[in-house]
$ cat start19.txt   # compact mmCIF, C-alpha atoms
# COMPACT_ATOMS: atom_id res chain seq x y z
CA MET A 1 -17.65 -42.17 -1.57
CA ALA A 2 -14.86 -40.08 -3.04
CA THR A 3 -15.56 -36.38 -3.21
CA SER A 4 -14.54 -34.00 -5.94
CA PRO A 5 -14.65 -30.20 -6.20
CA ASN A 6 -17.04 -30.59 -9.11
CA VAL A 7 -19.48 -32.85 -7.33
CA VAL A 8 -21.70 -31.93 -4.43
CA PRO A 9 -24.16 -34.16 -2.56
CA PHE A 10 -27.56 -33.88 -4.17
CA PRO A 11 -30.95 -35.44 -3.48
CA ALA A 12 -31.31 -38.67 -5.43
CA MET A 13 -32.56 -38.10 -8.92
CA PRO A 14 -35.30 -40.32 -10.25
CA ASP A 15 -34.02 -42.93 -12.73
CA ARG A 16 -35.64 -41.12 -15.60
CA ALA A 17 -33.97 -37.85 -14.64
CA VAL A 18 -30.61 -39.64 -14.33
CA ASP A 19 -31.03 -41.12 -17.79
CA GLU A 20 -32.03 -37.80 -19.29
CA ARG A 21 -29.11 -35.99 -17.71
CA PHE A 22 -26.73 -38.77 -18.77
CA GLU A 23 -27.94 -38.66 -22.35
CA GLN A 24 -27.61 -34.91 -22.37
CA LEU A 25 -23.99 -35.10 -21.19
CA VAL A 26 -23.18 -37.90 -23.63
CA ASP A 27 -24.64 -35.91 -26.53
CA GLN A 28 -22.66 -32.90 -25.47
CA TYR A 29 -19.28 -34.41 -24.69
CA ALA A 30 -18.94 -38.02 -25.88
CA ALA A 31 -17.65 -37.29 -29.38
CA ILE A 32 -14.98 -34.87 -28.19
CA LEU A 33 -14.07 -37.19 -25.32
CA ARG A 34 -13.66 -40.14 -27.70
CA SER A 35 -11.45 -38.06 -29.93
CA HIS A 36 -9.16 -37.07 -27.09
CA ILE A 37 -8.97 -40.54 -25.59
CA THR A 38 -8.06 -41.87 -29.02
CA GLN A 39 -5.26 -39.35 -29.25
CA GLN A 40 -3.94 -39.95 -25.77
CA CYS A 41 -4.13 -43.68 -25.20
CA PRO A 42 -0.65 -45.08 -25.85
CA ARG A 43 -1.00 -47.02 -29.08
CA ASN A 44 1.89 -49.34 -28.36
CA LEU A 45 0.13 -50.81 -25.36
CA GLY A 46 -2.77 -52.26 -27.31
CA ILE A 47 -5.50 -50.43 -25.42
CA GLN A 48 -8.96 -50.49 -26.94
CA VAL A 49 -10.22 -46.94 -27.05
CA SER A 50 -13.81 -48.06 -27.10
CA ASP A 51 -13.24 -49.89 -23.79
CA VAL A 52 -11.84 -46.78 -22.19
CA GLU A 53 -14.67 -44.68 -23.54
CA GLN A 54 -17.23 -47.18 -22.34
CA GLU A 55 -15.72 -47.24 -18.86
CA ALA A 56 -15.69 -43.44 -18.71
CA LEU A 57 -19.38 -43.34 -19.59
CA VAL A 58 -20.18 -45.98 -16.99
CA ARG A 59 -18.38 -43.93 -14.33
CA LEU A 60 -20.33 -40.86 -15.37
CA TRP A 61 -23.64 -42.69 -15.19
CA ARG A 62 -22.76 -44.07 -11.75
CA ALA A 63 -21.87 -40.60 -10.56
CA LEU A 64 -25.25 -39.29 -11.65
CA ARG A 65 -27.05 -42.27 -10.14
CA ASP A 66 -25.19 -42.02 -6.82
CA GLU A 67 -26.97 -38.87 -5.79
CA ARG A 68 -24.36 -36.50 -7.16
CA ASN A 69 -25.01 -33.19 -8.77
CA VAL A 70 -22.39 -32.56 -11.42
CA VAL A 71 -21.80 -28.82 -11.15
CA ASP A 72 -19.18 -28.36 -13.86
CA ALA A 73 -19.93 -31.20 -16.25
CA ALA A 74 -16.97 -30.58 -18.56
CA SER A 75 -14.51 -30.49 -15.69
CA TYR A 76 -16.01 -33.62 -14.15
CA ILE A 77 -15.95 -35.51 -17.42
CA TYR A 78 -12.34 -34.42 -17.81
CA ARG A 79 -11.52 -36.05 -14.48
CA ILE A 80 -13.35 -39.21 -15.44
CA ALA A 81 -11.56 -39.35 -18.79
CA VAL A 82 -8.14 -38.84 -17.21
CA THR A 83 -8.60 -41.36 -14.43
CA THR A 84 -10.15 -43.91 -16.75
CA THR A 85 -7.32 -43.60 -19.26
CA ILE A 86 -4.67 -43.75 -16.54
CA ASP A 87 -6.30 -46.86 -15.06
CA ALA A 88 -6.49 -48.51 -18.49
CA VAL A 89 -2.82 -47.83 -19.20
CA ARG A 90 -1.80 -49.11 -15.77
CA ARG A 91 -3.83 -52.25 -16.22
CA VAL A 92 -2.19 -53.00 -19.55
CA ILE A 93 1.31 -52.40 -18.17
CA ALA A 94 0.62 -54.51 -15.10
CA ARG A 95 -0.64 -57.33 -17.32
CA ARG A 96 2.51 -57.18 -19.43
CA GLU A 97 4.69 -57.25 -16.35
CA GLU A 98 2.83 -60.27 -15.06
CA GLN A 99 3.48 -62.01 -18.36
CA LEU A 100 7.16 -61.07 -18.08
CA ALA A 101 7.32 -62.41 -14.55
CA ASP A 102 5.73 -65.64 -15.67
CA ALA A 103 8.15 -65.95 -18.61
CA SER A 104 11.32 -65.47 -16.59
CA ASP A 105 12.50 -67.05 -13.39
CA ASP A 106 15.08 -64.32 -12.92
CA GLU A 107 14.76 -61.75 -10.17
CA THR A 108 12.82 -58.75 -11.44
CA PRO A 109 14.88 -55.52 -11.24
CA ALA A 110 13.46 -53.00 -8.82
CA ARG A 111 13.86 -49.97 -11.06
CA ALA A 112 13.30 -51.60 -14.45
CA PRO A 113 10.34 -53.94 -14.26
CA TYR A 114 9.27 -53.51 -17.89
CA ILE A 115 11.65 -55.21 -20.26
CA ASP A 116 10.75 -56.84 -23.53
CA PRO A 117 10.75 -60.61 -22.97
CA LYS A 118 12.64 -61.07 -26.24
CA GLN A 119 15.54 -59.14 -24.71
CA ALA A 120 15.29 -60.70 -21.30
CA ALA A 121 18.54 -62.61 -21.42
CA PRO A 122 20.44 -62.17 -18.12
CA ASP A 123 23.51 -60.56 -19.63
CA GLU A 124 21.38 -58.10 -21.58
CA ILE A 125 19.42 -57.26 -18.49
CA VAL A 126 22.61 -56.54 -16.59
CA GLU A 127 24.05 -54.47 -19.42
CA ARG A 128 20.84 -52.47 -19.73
CA ARG A 129 20.81 -51.80 -16.00
CA GLU A 130 24.40 -50.56 -16.19
CA THR A 131 23.55 -48.33 -19.15
CA MET A 132 20.56 -46.92 -17.28
CA GLN A 133 22.74 -46.06 -14.31
CA MET A 134 25.33 -44.40 -16.57
CA LEU A 135 22.58 -42.35 -18.18
CA ILE A 136 21.31 -41.26 -14.76
CA ASP A 137 24.89 -40.36 -13.74
CA ALA A 138 25.45 -38.45 -17.00
CA ILE A 139 22.24 -36.44 -16.48
CA ALA A 140 23.36 -35.64 -12.93
CA GLU A 141 26.47 -33.95 -14.34
CA LEU A 142 24.37 -31.33 -16.20
CA PRO A 143 23.82 -27.84 -14.80
CA GLU A 144 20.53 -27.63 -12.89
CA ASN A 145 18.31 -25.87 -15.43
CA ARG A 146 19.57 -28.01 -18.31
CA ARG A 147 19.19 -31.13 -16.18
CA ARG A 148 15.57 -30.34 -15.35
CA CYS A 149 14.75 -29.70 -19.01
CA VAL A 150 16.55 -32.83 -20.18
CA GLU A 151 14.81 -35.01 -17.59
CA LEU A 152 11.40 -33.74 -18.65
CA HIS A 153 12.29 -34.08 -22.31
CA LEU A 154 13.38 -37.65 -21.76
CA GLN A 155 10.08 -38.29 -19.97
CA GLY A 156 8.39 -37.41 -23.25
CA PHE A 157 7.27 -33.83 -22.61
CA ASN A 158 7.36 -31.31 -25.42
CA THR A 159 8.84 -27.86 -24.89
CA ALA A 160 5.41 -26.27 -24.33
CA ASP A 161 4.70 -28.69 -21.48
CA ILE A 162 8.17 -28.19 -20.02
CA ALA A 163 7.75 -24.42 -20.13
CA ALA A 164 4.35 -24.66 -18.44
CA LEU A 165 5.63 -27.01 -15.74
CA LEU A 166 8.68 -24.93 -14.92
CA GLY A 167 6.99 -21.57 -15.37
CA TRP A 168 9.35 -20.50 -18.12
CA SER A 169 8.89 -19.23 -21.66
CA GLU A 170 8.79 -21.90 -24.33
CA ALA A 171 11.83 -20.34 -26.02
CA LYS A 172 13.86 -20.74 -22.84
CA ALA A 173 12.70 -24.32 -22.40
CA ARG A 174 13.48 -25.13 -26.06
CA ASN A 175 16.96 -23.61 -25.78
CA LEU A 176 17.78 -25.46 -22.56
CA VAL A 177 16.49 -28.76 -23.93
CA TYR A 178 18.64 -28.36 -27.05
CA ARG A 179 21.79 -27.42 -25.15
CA GLY A 180 21.12 -29.98 -22.43
CA MET A 181 20.73 -32.82 -24.91
CA GLU A 182 23.92 -31.76 -26.68
CA SER A 183 25.79 -31.79 -23.38
CA LEU A 184 24.26 -35.13 -22.42
CA ARG A 185 25.39 -36.73 -25.68
CA ASP A 186 28.89 -35.37 -25.16
CA ILE A 187 29.02 -36.82 -21.66
CA LEU A 188 27.66 -40.18 -22.82
CA LYS A 189 30.17 -40.25 -25.68
CA ARG A 190 32.92 -39.54 -23.20
CA LYS A 191 31.65 -42.43 -21.09
CA GLY A 192 31.72 -44.69 -24.09
CA ILE A 193 27.98 -44.92 -24.59
CA GLY A 194 26.66 -44.38 -28.06
CA PRO A 195 27.11 -45.22 -31.70
CA ALA A 196 30.85 -45.62 -31.40
CA ARG A 197 30.49 -48.26 -28.74
CA MET B 1 22.28 -47.79 -28.74
CA THR B 2 22.34 -44.72 -31.00
CA ASN B 3 21.97 -41.95 -28.43
CA ASP B 4 19.14 -40.45 -30.41
CA ASP B 5 16.22 -38.95 -28.52
CA THR B 6 13.96 -41.99 -28.81
CA ASP B 7 16.60 -44.39 -27.47
CA LEU B 8 17.50 -42.09 -24.61
CA GLN B 9 13.83 -41.50 -23.77
CA ASN B 10 13.06 -45.21 -23.67
CA LEU B 11 16.11 -45.88 -21.54
CA TYR B 12 15.43 -43.01 -19.15
CA GLN B 13 11.76 -43.86 -18.78
CA ARG B 14 12.64 -47.45 -17.97
CA ALA B 15 15.25 -46.27 -15.52
CA THR B 16 12.79 -44.05 -13.73
CA ARG B 17 9.87 -46.44 -13.29
CA ARG B 18 7.94 -46.03 -10.09
CA GLY B 19 9.69 -47.99 -7.41
CA PRO B 20 8.23 -49.48 -4.23
CA GLY B 21 7.46 -46.81 -1.62
CA SER B 22 7.58 -43.97 -4.11
CA ASP B 23 5.97 -40.81 -2.82
CA CYS B 24 3.99 -39.99 -5.94
CA PRO B 25 1.46 -37.14 -6.14
CA THR B 26 -2.22 -38.08 -6.36
CA GLU B 27 -4.09 -38.10 -9.65
CA GLU B 28 -6.01 -35.07 -8.38
CA THR B 29 -2.76 -33.16 -7.89
CA LEU B 30 -1.53 -34.19 -11.33
CA MET B 31 -4.81 -33.04 -12.88
CA LYS B 32 -4.62 -29.72 -11.05
CA ALA B 33 -1.06 -29.25 -12.24
CA ALA B 34 -2.10 -30.15 -15.77
CA THR B 35 -4.90 -27.58 -15.73
CA ASN B 36 -2.69 -24.89 -14.14
CA LYS B 37 -4.71 -24.87 -10.92
CA LEU B 38 -1.76 -25.39 -8.58
CA PRO B 39 0.27 -22.65 -6.86
CA SER B 40 3.71 -22.23 -8.41
CA LYS B 41 5.49 -23.92 -5.49
CA GLU B 42 3.37 -27.07 -5.70
CA ARG B 43 3.56 -27.05 -9.49
CA GLU B 44 7.37 -27.01 -9.26
CA ALA B 45 7.24 -29.95 -6.86
CA VAL B 46 5.14 -31.86 -9.39
CA ALA B 47 7.62 -30.90 -12.13
CA LEU B 48 10.53 -32.20 -10.04
CA HIS B 49 8.69 -35.46 -9.39
CA VAL B 50 7.52 -36.19 -12.93
CA ALA B 51 11.06 -35.52 -14.16
CA LYS B 52 12.20 -38.52 -12.14
CA CYS B 53 9.12 -40.77 -12.28
CA SER B 54 8.09 -42.04 -15.68
CA ASP B 55 4.78 -43.48 -14.43
CA CYS B 56 3.67 -40.12 -13.04
CA ALA B 57 5.05 -38.44 -16.15
CA ARG B 58 2.83 -40.70 -18.28
CA ASP B 59 -0.20 -39.96 -16.09
CA PHE B 60 0.59 -36.27 -16.21
CA ARG B 61 0.86 -36.34 -20.01
CA ILE B 62 -2.59 -37.93 -20.20
CA ALA B 63 -4.03 -35.29 -17.87
CA ARG B 64 -2.22 -32.53 -19.69
CA SER B 65 -3.37 -33.64 -23.12
CA LEU B 66 -7.03 -33.51 -22.08
CA ALA B 67 -6.69 -30.22 -20.19
CA PRO B 68 -7.22 -27.90 -23.20
CA TRP B 69 -10.43 -29.75 -24.03
CA ALA B 70 -11.64 -29.42 -20.42
CA ALA B 71 -10.85 -25.71 -20.36
CA GLU B 72 -12.62 -25.16 -23.66
CA ALA B 73 -15.65 -27.24 -22.65
CA SER B 74 -15.95 -25.41 -19.30
CA LYS B 75 -15.71 -22.09 -21.08
CA ASN B 76 -18.41 -23.10 -23.56
CA ALA B 77 -20.66 -24.29 -20.74
CA ARG B 78 -20.24 -20.98 -18.94
CA GLU B 79 -21.01 -19.08 -22.11
CA GLU B 80 -24.12 -21.18 -22.69
CA GLU B 81 -25.29 -20.36 -19.20
CA ARG B 82 -24.76 -16.72 -19.97
CA ASN B 83 -26.55 -16.90 -23.34
CA LEU B 84 -30.08 -15.97 -22.31
CA SER B 85 -32.98 -15.50 -24.73
CA PRO B 86 -33.57 -11.98 -26.09
CA PHE B 87 -36.81 -11.79 -24.13
CA ALA B 88 -35.04 -12.75 -20.90
CA ILE B 89 -32.32 -10.19 -21.63
CA ALA B 90 -34.97 -7.55 -22.30
CA VAL B 91 -36.79 -8.38 -19.08
CA THR B 92 -33.53 -8.37 -17.13
CA VAL B 93 -32.51 -5.02 -18.59
CA ALA B 94 -35.98 -3.59 -17.96
CA ILE B 95 -35.87 -4.71 -14.33
CA ALA B 96 -32.31 -3.52 -13.92
CA VAL B 97 -33.26 -0.09 -15.25
CA SER B 98 -36.67 0.25 -13.63
CA ILE B 99 -35.68 -0.62 -10.07
CA PRO B 100 -33.20 2.25 -9.64
CA LEU B 101 -35.60 4.52 -11.54
CA ILE B 102 -38.46 3.75 -9.16
CA VAL B 103 -36.19 4.17 -6.16
CA TRP B 104 -34.97 7.48 -7.56
CA MET B 105 -38.54 8.70 -8.16
CA VAL B 106 -39.65 7.78 -4.65
CA LEU B 107 -36.63 9.47 -3.14
CA ALA B 108 -37.09 12.50 -5.38
CA ARG B 109 -40.75 12.74 -4.43
CA THR B 110 -39.98 12.43 -0.75
CA GLY B 111 -37.28 15.05 -1.11
CA ALA B 112 -39.61 17.37 -3.04
CA SER B 113 -42.32 17.00 -0.39
CA LYS B 114 -39.86 17.89 2.31
CA THR B 115 -38.68 20.90 0.33
CA ILE B 116 -42.27 22.07 -0.26
CA ASP B 117 -43.09 21.72 3.45
CA ARG B 118 -39.97 23.65 4.33
CA LEU B 119 -40.84 26.42 1.86
CA TYR B 120 -44.41 26.66 3.19
CA ALA B 121 -43.06 27.02 6.72
CA GLU B 122 -40.66 29.70 5.50
CA ILE B 123 -43.46 31.56 3.75
CA ALA B 124 -45.60 31.46 6.89
CA ARG B 125 -42.71 32.79 8.96
CA ARG B 126 -42.05 35.57 6.44
CA ASP B 127 -45.78 36.45 6.38
CA GLN B 128 -45.77 36.80 10.13
CA GLU B 129 -42.65 38.99 9.98
CA ILE B 130 -44.28 41.13 7.30
CA ARG B 131 -47.42 41.56 9.42
CA VAL B 132 -45.35 42.57 12.43
CA LEU B 133 -43.25 44.97 10.38
CA ARG B 134 -46.34 46.43 8.76
CA THR B 135 -47.91 47.03 12.17
CA ALA B 136 -44.69 48.55 13.45
CA SER B 137 -44.44 50.63 10.32
CA LEU B 138 -47.95 51.93 10.79
CA ALA B 139 -47.21 52.78 14.40
CA MET B 140 -44.00 54.55 13.46
CA ARG B 141 -45.72 56.44 10.69
CA SER B 142 -48.42 57.49 13.12
CA ARG B 143 -45.85 58.74 15.58
CA LEU B 144 -43.92 60.46 12.83
CA ASP B 145 -47.09 62.13 11.66
CA GLN B 146 -47.72 63.30 15.18
CA GLN B 147 -44.21 64.65 15.50
CA LEU B 148 -44.42 66.41 12.19
CA THR B 149 -47.63 68.10 13.24
CA PRO B 150 -47.09 71.52 14.88
CA GLU B 151 -48.13 71.63 18.51
CA VAL B 152 -50.63 74.14 19.75
CA GLY B 153 -51.15 75.01 23.42
CA THR B 154 -48.00 73.36 24.76
CA PRO B 155 -47.78 74.38 28.43
CA ILE B 156 -44.73 76.44 29.42
CA VAL B 157 -44.49 76.80 33.15
CA ASP B 158 -42.06 78.75 35.32
CA LEU B 159 -41.03 76.89 38.42
CA ASP B 160 -39.25 78.14 41.48
CA SER B 161 -37.52 75.81 43.84
CA ASP B 162 -38.93 74.87 47.23
CA SER B 163 -36.02 76.52 48.92
CA ALA B 164 -37.12 79.71 47.23
CA ARG B 165 -40.69 79.11 48.23
CA GLY B 166 -39.97 77.37 51.52
CA LEU B 167 -42.72 74.77 50.97
CA ALA B 168 -42.74 70.94 51.35
CA LEU B 169 -44.21 68.29 49.01
CA PRO B 170 -47.15 67.79 48.70
CA ALA B 171 -48.10 71.30 49.48
CA PRO B 172 -51.14 73.32 48.64
CA GLY B 173 -48.99 75.76 46.71
CA VAL B 174 -47.52 73.14 44.37
CA THR B 175 -47.64 74.19 40.74
CA THR B 176 -50.33 72.37 38.85
CA ILE B 177 -49.88 71.91 35.13
CA GLU B 178 -52.76 70.97 32.94
CA VAL B 179 -51.53 69.15 29.89
CA PRO B 180 -53.90 69.37 26.92
CA ARG B 181 -54.63 66.16 25.03
CA THR B 182 -53.35 67.70 21.86
CA THR B 183 -49.86 68.33 23.22
CA ARG B 184 -47.06 65.87 23.40
CA SER B 185 -44.85 67.68 25.92
CA VAL B 186 -44.60 70.06 28.82
CA THR B 187 -41.95 72.78 29.01
CA LEU B 188 -40.68 73.84 32.41
CA ILE B 189 -38.47 76.85 33.11
CA LEU B 190 -36.52 76.22 36.29
CA HIS B 191 -35.30 79.27 38.16
CA LEU B 192 -32.27 78.09 40.05
CA PRO B 193 -31.36 79.35 43.50
CA PHE B 194 -27.70 79.04 42.53
CA PRO B 195 -25.83 80.14 39.40
CA HIS B 196 -25.21 76.76 37.89
CA ALA B 197 -26.60 73.22 38.14
CA ARG B 198 -24.61 70.12 37.47
CA SER B 199 -27.40 67.59 36.93
CA LEU B 200 -31.15 67.20 36.82
CA GLU B 201 -33.39 64.42 38.13
CA LEU B 202 -37.08 63.73 37.75
CA ARG B 203 -38.71 61.76 40.52
CA ASP B 204 -42.28 60.77 41.15
CA GLU B 205 -44.15 61.21 44.38
CA ASP B 206 -42.58 58.03 45.77
CA GLU B 207 -39.13 59.42 45.09
CA GLN B 208 -38.57 56.85 42.29
CA LEU B 209 -36.09 58.11 39.76
CA LEU B 210 -37.75 58.56 36.35
CA TRP B 211 -35.08 60.44 34.43
CA ARG B 212 -31.64 61.92 34.96
CA ALA B 213 -29.40 64.13 32.79
CA ASP B 214 -26.51 66.53 32.94
CA ALA B 215 -27.70 70.06 33.34
CA PRO B 216 -26.98 72.51 30.53
CA GLN B 217 -24.42 75.19 31.36
CA THR B 218 -26.13 78.56 31.39
CA ASP B 219 -25.36 81.98 32.81
CA SER B 220 -28.98 83.09 33.10
CA GLY B 221 -29.66 81.17 36.35
CA SER B 222 -32.54 79.29 34.75
CA ILE B 223 -32.89 75.98 32.83
CA THR B 224 -35.57 75.16 30.28
CA VAL B 225 -36.65 71.50 30.26
CA THR B 226 -39.22 69.94 27.87
CA LEU B 227 -40.69 66.70 29.15
CA PRO B 228 -42.71 64.35 26.93
CA ARG B 229 -46.19 63.88 28.26
CA GLU B 230 -45.72 60.08 28.43
CA LEU B 231 -43.00 60.71 31.04
CA VAL B 232 -45.26 62.74 33.27
CA PRO B 233 -48.76 61.26 33.28
CA PRO B 234 -51.12 62.84 35.82
CA GLY B 235 -49.43 62.84 39.23
CA ASP B 236 -47.03 64.65 41.55
CA TYR B 237 -43.37 65.04 40.56
CA VAL B 238 -40.23 66.77 41.61
CA LEU B 239 -37.47 68.02 39.33
CA ARG B 240 -34.26 68.21 41.30
CA ALA B 241 -31.34 70.37 40.23
CA MET B 242 -28.03 69.62 41.91
CA ASN B 243 -24.60 71.13 42.08
CA ALA B 244 -21.58 70.83 44.33
CA SER B 245 -23.05 73.03 47.05
CA GLY B 246 -26.55 71.58 47.28
CA ARG B 247 -29.82 70.95 45.52
CA ALA B 248 -33.07 72.62 44.57
CA ASP B 249 -36.41 70.79 44.20
CA PHE B 250 -39.02 71.99 41.72
CA LYS B 251 -42.33 70.34 42.54
CA PHE B 252 -45.25 70.20 40.16
CA ARG B 253 -48.40 68.24 39.50
CA THR B 254 -49.78 67.27 36.16
CA LYS B 255 -53.46 66.86 35.30
$ encode --input "start19.txt" --output "structure tokens"
Amino acid sequence: MATSPNVVPFPAMPDRAVDERFEQLVDQYAAILRSHITQQCPRNLGIQVSDVEQEALVRLWRALRDERNVVDAASYIYRIAVTTTIDAVRRVIARREEQLADASDDETPARAPYIDPKQAAPDEIVERRETMQMLIDAIAELPENRRRCVELHLQGFNTADIAALLGWSEAKARNLVYRGMESLRDILKRKGIGPAR
Amino acid sequence: MTNDDTDLQNLYQRATRRGPGSDCPTEETLMKAATNKLPSKEREAVALHVAKCSDCARDFRIARSLAPWAAEASKNAREEERNLSPFAIAVTVAIAVSIPLIVWMVLARTGASKTIDRLYAEIARRDQEIRVLRTASLAMRSRLDQQLTPEVGTPIVDLDSDSARGLALPAPGVTTIEVPRTTRSVTLILHLPFPHARSLELRDEDEQLLWRADAPQTDSGSITVTLPRELVPPGDYVLRAMNASGRADFKFRTK
């Protein structure tokens, strides 16, 4: 059984006590949890929020049933919500990749497994892989701080998240992202990648 | 491709998909980083990794987006635990106040008892001192009264030395002095066989020294000595006058 800092072994609760505790936690946290899962589940992947929510509640009920004493309920529910959402997203992506693998007999690229089947023509796949490598090379030409900010920005982080991750002020992160992206576009333009191409 | 942010993000995220054998941090680590519970060094390592791994970056974004809710919910739960009923608060305050108060009272009472005992002992000691001083005072006053009272019938006796008389102690011709009860002293006039004496000694019949003093310088050839009666209770005595050439014994008996 996996252990967590928020869960300590506890004498088995009677079923009725488990149900009461579960209902108490659901009353307290379910609405807020649903709201956050709705906000965070990637919409483009077709994930059903209700499924994720249902799975999170099932995990919580199992935790209570499996002789666990939830010390910090909010923190524990947070973990359940995060892991459940991550699992749901991974499942959807894995399913799509399986469909892609079934649809194409071509060798699947090691670093770019997710490609829209509509664009899966061999020459496009090759061109995209070349473009990806040029982008990686262009990013590598940036000064270190700009490079780190640009990488995180391109991973979809906002400046607040970048600042928190790097331990900087948000103003510094915003400035470096702006300048880094400008430099990156210049480099890409120089390499012939962009609107002019 | 337009090189706008969305295009570049899609391209970069596809380029940085998790590859086989990637050394990705655990979900627990990502959640700790998202809730700012990692030391700065480990947080930087997570930052370096998610910058180059779009799968972990996605997981981290999910963890990060729920982190404010978790922090708020934990805070609310802690506040609820702290929000006791007014009665419970009153009882807690009453206990918190009364315990040190009771302890203080007990300690104060113990301290006061010790102080009282110490003061009683001091009073008893002072009382005893006062009694002793009062007794001594009475005795001194009595003696002072005696000394201030004029003496009547104090014996004044002329003594010649044995060498002058040629007698030995005890001898039938020894001078006998009767000291009245009312007197406090006996005065002896010593007629010296030599012009001057250097010192005087009083000895009892066993030749034990009772008193010694320098002799007064006089040209008359005699010395007047007043002895307190306590010094010469009834018995045989010898007053010895000495100078460089010899000595002279003046023997007497008191009754």
$ atom_distance --input "start19.txt" --atom1 "atom CA of Val157 of chain B" --atom2 "atom CA of Val174 of chain B"
12.2 Å
$ interface_residues --input "start19.txt" --of "chain B" --to "chain A" --cutoff "9 Å" --atoms "all atoms listed in the file" --output "ChimeraX atom specification"
/B:1-6,8-20,27-28,31,33-34,36,40,43-44,46-48,50-55,57-59,61-67,69-75,77
$ atom_distance --input "start19.txt" --atom1 "atom CA of Glu97 of chain A" --atom2 "atom CA of Val58 of chain A"
27.3 Å
$ atom_distance --input "start19.txt" --atom1 "atom CA of Ala45 of chain B" --atom2 "atom CA of Lys32 of chain B"
12.6 Å
$ closest_residue --input "start19.txt" --among "B:Asp219, B:Asp127, B:Asp249, B:Asp7" --to "Glu207 of chain B" --atoms "all atoms listed in the file"
B:Asp249
